[in-house]
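Dumped input.cif below, it's mmCIF, C-alpha atoms:
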data_data
loop_
_atom_site.label_atom_id
_atom_site.label_comp_id
_atom_site.auth_asym_id
_atom_site.auth_seq_id
_atom_site.Cartn_x
_atom_site.Cartn_y
_atom_site.Cartn_z
CA MET A 24 -77.89 7.50 9.08
CA ARG A 25 -76.01 6.13 6.08
CA ASN A 26 -72.65 6.73 7.77
CA HIS A 27 -73.77 4.87 10.89
CA SER A 28 -74.92 1.94 8.77
CA GLU A 29 -71.61 1.82 6.90
CA ASN A 30 -69.62 2.01 10.16
CA ALA A 31 -71.71 -0.79 11.65
CA MET A 32 -71.10 -3.03 8.64
CA LYS A 33 -67.38 -2.23 8.74
CA ALA A 34 -67.34 -3.33 12.37
CA VAL A 35 -69.17 -6.57 11.50
CA PHE A 36 -66.75 -7.34 8.66
CA LEU A 37 -63.76 -6.53 10.86
CA ALA A 38 -65.07 -8.78 13.63
CA ALA A 39 -65.60 -11.64 11.15
CA ALA A 40 -62.07 -11.22 9.81
CA CYS A 41 -60.64 -11.15 13.33
CA VAL A 42 -62.52 -14.31 14.31
CA SER A 43 -61.10 -16.12 11.28
CA ILE A 44 -57.56 -14.98 12.04
CA ILE A 45 -57.86 -15.83 15.73
CA ALA A 46 -59.23 -19.30 14.89
CA VAL A 47 -56.23 -20.00 12.62
CA ILE A 48 -53.82 -18.73 15.29
CA LEU A 49 -55.41 -20.89 17.99
CA ILE A 50 -55.27 -23.98 15.78
CA CYS A 51 -51.59 -23.32 15.02
CA VAL A 52 -50.76 -22.74 18.69
CA PHE A 53 -52.53 -25.94 19.77
CA LEU A 54 -50.92 -28.08 17.07
CA PHE A 55 -47.39 -26.80 17.48
CA ALA A 56 -47.55 -26.63 21.30
CA SER A 57 -48.61 -30.28 21.47
CA GLY A 58 -46.79 -31.64 18.43
CA ILE A 59 -43.33 -30.06 18.48
CA PRO A 60 -42.41 -31.42 21.97
CA ALA A 61 -43.45 -34.90 20.83
CA ILE A 62 -41.28 -34.61 17.70
CA LEU A 63 -38.32 -33.49 19.83
CA GLU A 64 -38.88 -36.32 22.32
CA ILE A 65 -39.10 -38.97 19.60
CA GLY A 66 -36.37 -37.34 17.54
CA PRO A 67 -37.04 -35.44 14.29
CA PHE A 68 -35.08 -37.97 12.22
CA ASP A 69 -36.76 -41.00 13.80
CA PHE A 70 -40.20 -39.39 13.54
CA LEU A 71 -40.06 -38.09 9.97
CA LEU A 72 -37.86 -40.77 8.39
CA GLY A 73 -38.57 -43.77 10.61
CA ARG A 74 -40.19 -46.66 8.76
CA SER A 75 -41.83 -48.38 11.71
CA TRP A 76 -45.04 -47.22 13.35
CA LYS A 77 -45.46 -49.44 16.42
CA PRO A 78 -46.68 -47.33 19.35
CA GLY A 79 -46.68 -50.35 21.66
CA GLN A 80 -42.94 -50.67 21.15
CA GLY A 81 -42.23 -46.95 21.27
CA LEU A 82 -41.63 -46.66 17.52
CA TYR A 83 -43.25 -43.62 15.89
CA GLY A 84 -41.91 -43.39 12.36
CA ILE A 85 -44.36 -41.73 9.96
CA PHE A 86 -42.30 -41.96 6.75
CA PRO A 87 -44.59 -44.68 5.26
CA MET A 88 -47.62 -42.45 5.91
CA ILE A 89 -45.90 -39.42 4.33
CA ILE A 90 -45.08 -41.44 1.22
CA GLY A 91 -48.59 -42.93 1.22
CA SER A 92 -50.18 -39.46 1.33
CA ILE A 93 -47.93 -38.20 -1.47
CA TYR A 94 -48.60 -41.23 -3.69
CA VAL A 95 -52.36 -41.15 -3.16
CA THR A 96 -52.55 -37.41 -3.78
CA ALA A 97 -50.35 -37.70 -6.89
CA GLY A 98 -52.55 -40.51 -8.21
CA ALA A 99 -55.68 -38.43 -7.62
CA ILE A 100 -54.13 -35.51 -9.50
CA ILE A 101 -53.14 -37.72 -12.45
CA ILE A 102 -56.68 -39.07 -12.66
CA GLY A 103 -58.74 -36.03 -11.68
CA VAL A 104 -57.00 -33.05 -13.25
CA PRO A 105 -57.18 -34.05 -16.95
CA ILE A 106 -60.77 -35.25 -16.63
CA GLY A 107 -61.79 -32.15 -14.68
CA LEU A 108 -60.07 -29.76 -17.10
CA PHE A 109 -61.57 -31.38 -20.22
CA CYS A 110 -64.99 -31.41 -18.57
CA ALA A 111 -64.64 -27.70 -17.74
CA VAL A 112 -63.69 -26.94 -21.35
CA PHE A 113 -66.71 -28.92 -22.56
CA LEU A 114 -69.09 -27.10 -20.22
CA ALA A 115 -67.68 -23.67 -21.08
CA ARG A 116 -67.28 -24.03 -24.85
CA TYR A 117 -69.08 -27.07 -26.25
CA CYS A 118 -72.00 -28.05 -24.02
CA PRO A 119 -75.51 -27.36 -25.44
CA LYS A 120 -77.72 -25.30 -23.15
CA GLY A 121 -80.19 -28.12 -22.60
CA LEU A 122 -77.47 -30.54 -21.52
CA TYR A 123 -75.78 -27.84 -19.44
CA ARG A 124 -78.92 -27.42 -17.33
CA ILE A 125 -78.60 -31.09 -16.40
CA ALA A 126 -74.82 -31.48 -16.20
CA LYS A 127 -74.06 -28.44 -14.05
CA PRO A 128 -76.43 -29.34 -11.17
CA ALA A 129 -75.17 -32.93 -11.34
CA ILE A 130 -71.58 -31.74 -10.87
CA ASN A 131 -72.64 -29.49 -7.99
CA LEU A 132 -74.46 -32.45 -6.45
CA LEU A 133 -71.26 -34.47 -6.76
CA ALA A 134 -69.54 -31.84 -4.61
CA GLY A 135 -72.19 -32.21 -1.88
CA ILE A 136 -72.01 -35.98 -1.47
CA PRO A 137 -70.60 -36.86 2.00
CA SER A 138 -67.18 -38.51 1.99
CA ILE A 139 -68.56 -41.56 3.82
CA VAL A 140 -70.88 -42.16 0.85
CA TYR A 141 -67.90 -41.95 -1.48
CA GLY A 142 -66.22 -44.47 0.79
CA PHE A 143 -69.12 -46.91 0.48
CA PHE A 144 -69.11 -46.44 -3.29
CA GLY A 145 -65.40 -47.15 -3.39
CA LEU A 146 -65.78 -50.18 -1.13
CA MET A 147 -68.64 -51.74 -3.08
CA VAL A 148 -67.73 -50.73 -6.66
CA VAL A 149 -64.12 -49.61 -7.07
CA VAL A 150 -62.52 -52.19 -4.75
CA PRO A 151 -64.04 -55.22 -6.58
CA LEU A 152 -63.08 -53.74 -9.96
CA VAL A 153 -59.46 -53.20 -8.88
CA GLN A 154 -59.37 -56.66 -7.31
CA ASN A 155 -60.64 -58.32 -10.49
CA TYR A 156 -58.55 -56.40 -13.03
CA ALA A 157 -55.39 -55.37 -11.14
CA GLY A 158 -55.07 -58.08 -8.52
CA GLY A 159 -54.49 -57.89 -4.81
CA SER A 160 -57.11 -57.34 -2.17
CA GLY A 161 -58.56 -54.33 -3.99
CA LYS A 162 -57.93 -52.03 -1.02
CA SER A 163 -54.87 -50.29 -2.31
CA LEU A 164 -53.05 -47.19 -3.45
CA LEU A 165 -54.74 -47.45 -6.85
CA THR A 166 -58.23 -47.66 -5.36
CA ALA A 167 -57.67 -44.66 -3.09
CA SER A 168 -56.26 -42.64 -6.00
CA VAL A 169 -59.24 -43.43 -8.22
CA LEU A 170 -61.72 -42.53 -5.50
CA LEU A 171 -59.96 -39.28 -4.61
CA GLY A 172 -59.68 -38.45 -8.30
CA ILE A 173 -63.48 -38.64 -8.49
CA MET A 174 -63.90 -36.60 -5.30
CA ILE A 175 -61.79 -33.66 -6.48
CA LEU A 176 -63.57 -33.40 -9.85
CA PRO A 177 -66.28 -30.91 -8.75
CA THR A 178 -63.71 -28.49 -7.33
CA ILE A 179 -61.51 -28.57 -10.42
CA ILE A 180 -64.44 -28.42 -12.85
CA ASN A 181 -66.27 -25.53 -11.19
CA VAL A 182 -63.20 -23.34 -10.62
CA SER A 183 -61.75 -24.06 -14.07
CA GLU A 184 -65.04 -23.43 -15.86
CA SER A 185 -65.53 -20.10 -14.07
CA ASN A 186 -62.06 -18.95 -15.06
CA ILE A 187 -62.43 -20.13 -18.66
CA ARG A 188 -65.66 -18.16 -18.96
CA ALA A 189 -63.95 -15.12 -17.40
CA VAL A 190 -61.43 -14.89 -20.26
CA PRO A 191 -62.43 -11.98 -22.58
CA GLU A 192 -64.17 -13.28 -25.68
CA HIS A 193 -61.87 -11.32 -28.02
CA TYR A 194 -59.03 -13.72 -27.11
CA TYR A 195 -61.00 -16.54 -28.69
CA GLU A 196 -62.37 -14.51 -31.58
CA GLY A 197 -58.97 -13.03 -32.38
CA SER A 198 -57.45 -16.48 -32.59
CA LEU A 199 -60.21 -17.61 -34.93
CA ALA A 200 -59.69 -14.52 -37.05
CA LEU A 201 -56.03 -15.45 -37.48
CA GLY A 202 -57.04 -18.79 -38.95
CA ALA A 203 -56.79 -21.09 -35.91
CA THR A 204 -59.28 -23.89 -35.44
CA LYS A 205 -61.76 -23.85 -32.57
CA GLU A 206 -59.75 -26.41 -30.59
CA ARG A 207 -56.47 -24.59 -31.15
CA SER A 208 -58.06 -21.29 -30.15
CA ILE A 209 -59.33 -22.81 -26.92
CA PHE A 210 -56.15 -24.62 -25.93
CA ARG A 211 -53.63 -22.04 -27.18
CA ALA A 212 -55.43 -18.76 -26.44
CA VAL A 213 -58.18 -19.23 -23.86
CA LEU A 214 -56.63 -21.79 -21.50
CA PRO A 215 -53.27 -19.98 -21.18
CA ALA A 216 -55.16 -16.82 -20.25
CA ALA A 217 -57.06 -18.74 -17.56
CA LYS A 218 -54.07 -20.77 -16.32
CA MET A 219 -53.77 -19.10 -12.90
CA GLY A 220 -57.44 -19.67 -12.12
CA ILE A 221 -57.19 -23.27 -13.32
CA LEU A 222 -54.10 -23.72 -11.15
CA ALA A 223 -56.09 -22.40 -8.20
CA GLY A 224 -58.69 -25.10 -8.81
CA VAL A 225 -55.96 -27.75 -8.96
CA ILE A 226 -54.47 -26.50 -5.67
CA LEU A 227 -57.90 -26.65 -4.03
CA GLY A 228 -58.28 -30.18 -5.36
CA ILE A 229 -54.90 -31.16 -3.94
CA GLY A 230 -55.93 -29.75 -0.57
CA ARG A 231 -59.14 -31.80 -0.70
CA ALA A 232 -57.24 -34.95 -1.67
CA ILE A 233 -54.45 -34.72 0.90
CA GLY A 234 -56.89 -33.86 3.71
CA GLU A 235 -59.53 -36.50 2.93
CA THR A 236 -59.96 -39.13 5.65
CA MET A 237 -63.05 -41.32 5.83
CA ALA A 238 -63.27 -42.34 2.19
CA VAL A 239 -59.56 -43.14 2.11
CA VAL A 240 -59.71 -45.16 5.33
CA MET A 241 -62.34 -47.43 3.79
CA VAL A 242 -60.43 -48.28 0.60
CA CYS A 243 -56.67 -47.80 1.08
CA GLY A 244 -55.90 -50.94 3.11
CA ASN A 245 -54.44 -48.99 6.07
CA GLN A 246 -51.07 -50.73 6.08
CA ALA A 247 -48.33 -48.63 7.68
CA ILE A 248 -45.69 -49.82 5.21
CA LEU A 249 -43.99 -48.39 2.15
CA PRO A 250 -46.05 -49.40 -0.92
CA GLU A 251 -44.16 -51.57 -3.40
CA HIS A 252 -46.63 -51.16 -6.27
CA ILE A 253 -49.97 -49.54 -7.02
CA THR A 254 -51.95 -52.52 -5.71
CA SER A 255 -50.24 -52.39 -2.30
CA GLY A 256 -52.13 -51.18 0.74
CA VAL A 257 -51.14 -47.80 2.16
CA ARG A 258 -51.91 -45.62 5.13
CA THR A 259 -52.12 -41.84 4.79
CA LEU A 260 -51.38 -39.26 7.47
CA THR A 261 -55.05 -38.48 7.98
CA ALA A 262 -55.98 -42.18 8.15
CA ASN A 263 -53.27 -42.75 10.75
CA ILE A 264 -54.72 -40.04 12.97
CA VAL A 265 -58.35 -41.09 12.73
CA LEU A 266 -57.64 -44.79 13.23
CA GLU A 267 -55.73 -44.39 16.49
CA MET A 268 -56.73 -41.11 18.11
CA GLY A 269 -59.75 -42.70 19.79
CA TYR A 270 -57.67 -44.85 22.12
CA ALA A 271 -54.26 -43.13 22.11
CA SER A 272 -52.79 -41.55 25.22
CA GLY A 273 -49.51 -40.08 26.40
CA LEU A 274 -46.72 -39.94 23.85
CA HIS A 275 -48.83 -41.93 21.38
CA ARG A 276 -51.48 -39.21 21.38
CA ASP A 277 -48.87 -36.47 21.10
CA ALA A 278 -47.27 -38.30 18.17
CA LEU A 279 -50.63 -38.30 16.37
CA ILE A 280 -50.94 -34.57 16.96
CA ALA A 281 -47.39 -34.21 15.62
CA THR A 282 -48.60 -36.10 12.54
CA ALA A 283 -51.27 -33.41 12.15
CA VAL A 284 -48.49 -30.81 12.36
CA VAL A 285 -46.71 -32.47 9.43
CA LEU A 286 -49.97 -32.51 7.47
CA PHE A 287 -50.52 -28.84 8.30
CA VAL A 288 -47.03 -28.00 7.04
CA PHE A 289 -47.75 -29.90 3.81
CA ILE A 290 -50.86 -27.82 3.18
CA LEU A 291 -48.96 -24.63 4.05
CA LEU A 292 -46.18 -25.48 1.58
CA ILE A 293 -48.74 -26.18 -1.15
CA ASN A 294 -50.40 -22.80 -0.59
CA LEU A 295 -47.06 -20.98 -0.50
CA SER A 296 -46.01 -22.69 -3.72
CA PHE A 297 -49.23 -21.54 -5.38
CA THR A 298 -48.70 -17.99 -4.14
CA ALA A 299 -45.17 -18.02 -5.56
CA LEU A 300 -46.39 -19.32 -8.92
CA LYS A 301 -49.16 -16.71 -8.98
CA ARG A 302 -46.68 -13.89 -8.38
CA ARG A 303 -44.37 -15.23 -11.06
CA GLY A 304 -47.26 -15.47 -13.51
CA ALA A 305 -48.56 -11.98 -12.68
#
Structure re-expressed in structure tokens:
Amino acid sequence: MRNHSENAMKAVFLAAACVSIIAVILICVFLFASGIPAILEIGPFDFLLGRSWKPGQGLYGIFPMIIGSIYVTAGAIIIGVPIGLFCAVFLARYCPKGLYRIAKPAINLLAGIPSIVYGFFGLMVVVPLVQNYAGGSGKSLLTASVLLGIMILPTIINVSESNIRAVPEHYYEGSLALGATKERSIFRAVLPAAKMGILAGVILGIGRAIGETMAVVMVCGNQAILPEHITSGVRTLTANIVLEMGYASGLHRDALIATAVVLFVFILLINLSFTALKRRGA
């Protein structure tokens, strides 16, 4: 009876794994089958490095959107990673138990807020602040970076805290025994031991930032131009797709799918880079 139960569960797990793999394969086939011909028709150079996105005139250059996505994601990392890491250290090593019982659920709640709500928050709070203190319309690269920096905090905090707590306690105690201060023990002994897990949290945060759509659409300005400064409006790859897919047809629609292919390749490169770093650090 026990063997039958184990075999049945093995079959269930195998089926679940196969469904996941098949889903990824189907997504890849659909994207590349629809996107690659469009890239070849437009021209890889004109598509990837073209600076004009004017479908009505047959111009499909996504270089401004690529740069916009990179800038917004980089800004979110600059804002979110230090705050998230310090918050994780506080929760793991400094936070009193009474405060932890309040702070931890609040951070988990932050992770469950829909992106459209973040977008409204950015539109009503962050945009006026940026407009008043940095100038411009407020809908800009800076605003999108700040908002995405807030959105990736729960991912970075939760993953980093879990990995900090997973470090054996004798790392910390041994450092203290050698005369190091508490702060030095944490930042020179504990964090280096947890660096791969922390890096995993950062990679997940990057994936969340580069793939975010609705919140960014509401605050980034959606201008398909190269940003000249942090208060300039930008358009990301995801925003470009969601803004025009509803009415696109023909080559225009295929070009948007090709944009999704470029985004997919970005995510793939990020994951491969993390895998390479993990192997090097092993």
Calculate, to one decimal in Å, the centre and edge lengths of the box along x, y and z of the file that holds all listed atoms of range 238-246 of chain A with 5 Å of margin on each side, and present them as lines of an AutoDock Vina configuration file.
center_x = -57.2
center_y = -46.6
center_z = 3.3
size_x = 22.2
size_y = 18.6
size_z = 15.5
Surrounding residues of range 122-129 of chain A excluding itself and chain neighbours under 6 positions, 12 Å, only C-alpha atoms, as a count of residues only: 14
If you measure from CA of Arg207 in chain A to CA of Ile106 in chain A, what distance in Å do you get, rounded to one decimal?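 Separation between CA of Arg207 in chain A and CA of Ile106 in chain A: 18.5 Å.
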Please list as a PDB file with C-alpha atoms, in the frame of the given file every residue within 12 Å of range 155-161 of chain A, counting all atoms listed in the file and excluding residues in the same chain fewer than 3 positions away.
ATOM      1  CA  GLY A 145     -65.400 -47.150  -3.390  1.00  0.00           C
ATOM      2  CA  LEU A 146     -65.780 -50.180  -1.130  1.00  0.00           C
ATOM      3  CA  MET A 147     -68.640 -51.740  -3.080  1.00  0.00           C
ATOM      4  CA  VAL A 148     -67.730 -50.730  -6.660  1.00  0.00           C
ATOM      5  CA  VAL A 149     -64.120 -49.610  -7.070  1.00  0.00           C
ATOM      6  CA  VAL A 150     -62.520 -52.190  -4.750  1.00  0.00           C
ATOM      7  CA  PRO A 151     -64.040 -55.220  -6.580  1.00  0.00           C
ATOM      8  CA  LEU A 152     -63.080 -53.740  -9.960  1.00  0.00           C
ATOM      9  CA  LEU A 164     -53.050 -47.190  -3.450  1.00  0.00           C
ATOM     10  CA  LEU A 165     -54.740 -47.450  -6.850  1.00  0.00           C
ATOM     11  CA  THR A 166     -58.230 -47.660  -5.360  1.00  0.00           C
ATOM     12  CA  ALA A 167     -57.670 -44.660  -3.090  1.00  0.00           C
ATOM     13  CA  VAL A 169     -59.240 -43.430  -8.220  1.00  0.00           C
ATOM     14  CA  MET A 241     -62.340 -47.430   3.790  1.00  0.00           C
ATOM     15  CA  VAL A 242     -60.430 -48.280   0.600  1.00  0.00           C
ATOM     16  CA  CYS A 243     -56.670 -47.800   1.080  1.00  0.00           C
ATOM     17  CA  GLY A 244     -55.900 -50.940   3.110  1.00  0.00           C
ATOM     18  CA  HIS A 252     -46.630 -51.160  -6.270  1.00  0.00           C
ATOM     19  CA  ILE A 253     -49.970 -49.540  -7.020  1.00  0.00           C
ATOM     20  CA  THR A 254     -51.950 -52.520  -5.710  1.00  0.00           C
ATOM     21  CA  SER A 255     -50.240 -52.390  -2.300  1.00  0.00           C
ATOM     22  CA  GLY A 256     -52.130 -51.180   0.740  1.00  0.00           C
ATOM     23  CA  VAL A 257     -51.140 -47.800   2.160  1.00  0.00           C
TER      24      VAL A 257
END
With distances taken over all atoms listed in the file, which of A:Arg74, A:Arg258, A:Lys218, A:Arg276 is nearest to Tyr94 in chain A?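 Checking each of A:Arg74, A:Arg258, A:Lys218, A:Arg276 against Tyr94 in chain A, counting all atoms listed in the file, the winner is A:Arg258.
Between Ala283 in chain A and the candidates A:Ala97, A:Ile85, A:Ala39, A:Ile209, the tightest atom-to-atom separation, counting all atoms listed in the file, involves A:Ile85.
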At what distance in Å, to one decimal, does CA of Gly98 in chain A lie from CA of Phe143 in chain A?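 Distance reported for this atom pair: 19.8 Å.
The smallest atom-to-atom distance between Leu227 in chain A and any of A:Ala299, A:Gly58, A:Ile175, A:Leu108, using all atoms listed in the file, is found for A:Ile175.
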Can you measure CA of Val213 in chain A to CA of Tyr195 in chain A for me? One decimal in Å is fine.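 These two atoms are separated by 6.2 Å.
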Using only C-alpha atoms, the best pick from A:Ala31, A:Met174, A:Ile280, A:Ala232 as closest to Val52 in chain A would be A:Ile280
Considering all atoms listed in the file, state which residue in the set A:Ile221, A:Ile233, A:Leu201, A:Ile248 is at the smallest distance from Pro105 in chain A.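 Smallest separation from Pro105 in chain A among the options: A:Ile221.
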List as a list in words: which residues have an atom within 10 Å of (-52.1, -21.3, 8.5), counting only C-alpha atoms? Ile44, Ala46, Val47, Ile48, Ile50, Cys51, Phe287, Val288, Ile290, Leu291 and Asn294 of chain A
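With distances taken over all atoms listed in the file, A:Leu279 is the one residue among A:Ile45, A:Leu279, A:Val284, A:Ala56 lying closest to Val265 in chain A.
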